[in-house]
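K.L.:
The following block contains the structure, expressed as structure tokens.
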Amino acid sequence: MKWFLVLISMQLYSDGSAEHFVLTDPTFESLGQCQSEAVINKLYVEQLAKREFGGPANIYCFEEQSLIAYFQQNGVSEPKPTTKKQEISY
């Protein structure tokens, strides 16, 4: 299984939706590994949320198929294309 670290802005739009940021590099082999990396890199993840959203974010780990289903069910707009990668450094 492939797991992703996902940031969801705590700042909501008037319709209740929020900005999402999915880190695609690295991906993780297990929920435990994803959660551990989120804790180990907490400061970086918080800085990333502030840079991308202008404020704090909730941090989640999603399994790939669950993430796809989540976006299919909850998506309100197409994702914005990005040309830069956001990586967690080890």
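By convention here, the chains of the structure tokens are called A, B, ... in the order presented, each chain's residues are numbered starting at 1, and ligands are numbered starting at 1 in the order presented.
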Enumerate, as a JSON list (two decimals) with N, CA and C atoms, in the first residue's frame, the complete set of residues in chain A that a backbone-based DSSP assignment places in strand (DSSP E or B).
P.N.:
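part08.json was written with the following content:
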```json
[["chain", "number", "residue", "atom", "x", "y", "z"],
["A", 3, "TRP", "N", 0.93, 5.25, 1.15],
["A", 3, "TRP", "CA", 0.31, 6.22, 2.06],
["A", 3, "TRP", "C", 0.85, 7.61, 1.76],
["A", 4, "PHE", "N", -0.03, 8.61, 1.91],
["A", 4, "PHE", "CA", 0.33, 10.01, 1.64],
["A", 4, "PHE", "C", 0.07, 10.86, 2.88],
["A", 5, "LEU", "N", 0.92, 11.84, 3.08],
["A", 5, "LEU", "CA", 0.71, 12.85, 4.10],
["A", 5, "LEU", "C", -0.12, 13.96, 3.46],
["A", 6, "VAL", "N", -1.23, 14.33, 4.11],
["A", 6, "VAL", "CA", -2.16, 15.31, 3.55],
["A", 6, "VAL", "C", -2.41, 16.42, 4.57],
["A", 7, "LEU", "N", -2.25, 17.66, 4.13],
["A", 7, "LEU", "CA", -2.57, 18.81, 4.97],
["A", 7, "LEU", "C", -3.91, 19.37, 4.53],
["A", 8, "ILE", "N", -4.78, 19.65, 5.49],
["A", 8, "ILE", "CA", -6.07, 20.26, 5.21],
["A", 8, "ILE", "C", -6.16, 21.54, 6.01],
["A", 9, "SER", "N", -6.29, 22.65, 5.31],
["A", 9, "SER", "CA", -6.33, 23.96, 5.95],
["A", 9, "SER", "C", -7.43, 24.03, 6.99],
["A", 10, "MET", "N", -7.14, 24.71, 8.09],
["A", 10, "MET", "CA", -8.15, 24.92, 9.12],
["A", 10, "MET", "C", -9.02, 26.14, 8.79],
["A", 11, "GLN", "N", -8.64, 26.88, 7.76],
["A", 11, "GLN", "CA", -9.41, 28.04, 7.33],
["A", 11, "GLN", "C", -10.44, 27.56, 6.30],
["A", 12, "LEU", "N", -11.69, 27.64, 6.65],
["A", 12, "LEU", "CA", -12.75, 27.12, 5.79],
["A", 12, "LEU", "C", -13.34, 28.21, 4.91],
["A", 18, "ALA", "N", -12.28, 23.32, 2.30],
["A", 18, "ALA", "CA", -10.97, 23.82, 2.70],
["A", 18, "ALA", "C", -9.93, 23.41, 1.67],
["A", 19, "GLU", "N", -8.84, 24.15, 1.63],
["A", 19, "GLU", "CA", -7.71, 23.81, 0.76],
["A", 19, "GLU", "C", -7.02, 22.55, 1.28],
["A", 20, "HIS", "N", -6.52, 21.74, 0.35],
["A", 20, "HIS", "CA", -5.80, 20.52, 0.68],
["A", 20, "HIS", "C", -4.43, 20.57, 0.01],
["A", 21, "PHE", "N", -3.46, 19.95, 0.64],
["A", 21, "PHE", "CA", -2.11, 19.85, 0.07],
["A", 21, "PHE", "C", -1.65, 18.42, 0.29],
["A", 22, "VAL", "N", -1.38, 17.70, -0.79],
["A", 22, "VAL", "CA", -0.95, 16.30, -0.71],
["A", 22, "VAL", "C", 0.54, 16.23, -1.01],
["A", 23, "LEU", "N", 1.30, 15.73, -0.06],
["A", 23, "LEU", "CA", 2.73, 15.51, -0.31],
["A", 23, "LEU", "C", 2.89, 14.18, -1.04],
["A", 24, "THR", "N", 3.44, 14.23, -2.22],
["A", 24, "THR", "CA", 3.56, 13.03, -3.05],
["A", 24, "THR", "C", 4.97, 12.45, -3.06],
["A", 25, "ASP", "N", 5.90, 13.12, -2.44],
["A", 25, "ASP", "CA", 7.27, 12.63, -2.37],
["A", 25, "ASP", "C", 7.87, 13.09, -1.06],
["A", 26, "PRO", "N", 8.06, 12.21, -0.13],
["A", 26, "PRO", "CA", 7.96, 10.77, -0.24],
["A", 26, "PRO", "C", 6.54, 10.26, 0.01],
["A", 27, "THR", "N", 6.33, 9.01, -0.37],
["A", 27, "THR", "CA", 5.13, 8.28, 0.04],
["A", 27, "THR", "C", 5.60, 7.27, 1.08],
["A", 28, "PHE", "N", 4.66, 6.64, 1.75],
["A", 28, "PHE", "CA", 5.01, 5.75, 2.85],
["A", 28, "PHE", "C", 4.40, 4.37, 2.65],
["A", 57, "ALA", "N", -2.91, 23.90, 9.71],
["A", 57, "ALA", "CA", -3.62, 22.84, 8.98],
["A", 57, "ALA", "C", -3.72, 21.60, 9.86],
["A", 58, "ASN", "N", -4.73, 20.81, 9.60],
["A", 58, "ASN", "CA", -4.80, 19.48, 10.18],
["A", 58, "ASN", "C", -3.95, 18.57, 9.32],
["A", 59, "ILE", "N", -3.30, 17.59, 9.95],
["A", 59, "ILE", "CA", -2.39, 16.70, 9.26],
["A", 59, "ILE", "C", -2.97, 15.28, 9.31],
["A", 60, "TYR", "N", -3.08, 14.66, 8.14],
["A", 60, "TYR", "CA", -3.65, 13.32, 8.05],
["A", 60, "TYR", "C", -2.75, 12.43, 7.21],
["A", 61, "CYS", "N", -2.88, 11.13, 7.43],
["A", 61, "CYS", "CA", -2.27, 10.13, 6.57],
["A", 61, "CYS", "C", -3.40, 9.37, 5.88],
["A", 62, "PHE", "N", -3.34, 9.30, 4.55],
["A", 62, "PHE", "CA", -4.35, 8.62, 3.76],
["A", 62, "PHE", "C", -3.71, 7.50, 2.95],
["A", 63, "GLU", "N", -4.35, 6.35, 2.92],
["A", 63, "GLU", "CA", -3.97, 5.28, 2.01],
["A", 63, "GLU", "C", -4.45, 5.71, 0.62]]
```
K.L.:
To test your reading of the structure, identify every residue in chain A that backbone DSSP assigns to alpha helix (DSSP H), and report it as an MDAnalysis selection string.
P.N.:
chainID A and resid 31:40 42:53 64:74
K.L.:
Using only C-alpha atoms, which protein or nucleic acid residues come within 10 Å of range 73-75 of chain A? Drop anything in the same chain fewer than 4 positions from it, and give the result as a list in words.
P.N.:
Ser17, Ala18, His20, Leu67, Ile68, Ala69 and Pro79 of chain A
K.L.:
So what do you get for CA of Glu29 in chain A versus CA of Lys2 in chain A, distance-wise?
P.N.:
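So the two atoms, CA of Glu29 in chain A and CA of Lys2 in chain A, lie 5.4 Å apart.
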K.L.:
Leaving out Val39 in chain A and any residue of its chain fewer than 3 positions from it, which residues lie within 12 Å of it when counting only C-alpha atoms, given as a ChimeraX atom specification?
P.N.:
/A:5,32-36,42-46,59-61,88
K.L.:
How about saving the chosen residues, C-alpha atoms kept, as a short mmCIF file (atom, residue, chain, number, x, y, z; two decimals), in the first residue's frame?
P.N.:
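Final output, saved to again_32.cif:
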```cif
data_model
loop_
_atom_site.label_atom_id
_atom_site.label_comp_id
_atom_site.auth_asym_id
_atom_site.auth_seq_id
_atom_site.Cartn_x
_atom_site.Cartn_y
_atom_site.Cartn_z
CA LEU A 5 0.71 12.85 4.10
CA GLY A 32 2.70 3.96 11.16
CA GLN A 33 5.55 5.15 8.95
CA CYS A 34 3.45 8.08 7.68
CA GLN A 35 2.46 9.09 11.20
CA SER A 36 6.03 8.80 12.46
CA LYS A 42 6.29 18.43 12.57
CA LEU A 43 8.06 21.81 12.36
CA TYR A 44 8.57 21.50 8.59
CA VAL A 45 4.96 20.39 8.07
CA GLU A 46 3.70 23.35 10.13
CA ILE A 59 -2.39 16.70 9.26
CA TYR A 60 -3.65 13.32 8.05
CA CYS A 61 -2.27 10.13 6.57
CA ILE A 88 10.34 16.15 3.50
#
```
K.L.:
As an exercise, work out the distance from CA of Arg51 in chain A to CA of Ser30 in chain A in Å and give it to one decimal place.
P.N.:
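If I compute the distance from CA of Arg51 in chain A to CA of Ser30 in chain A, I get 27.1 Å.
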K.L.:
To one decimal in Å, tell me the separation between CA of Glu52 in chain A and CA of Leu31 in chain A.
P.N.:
24.0 Å
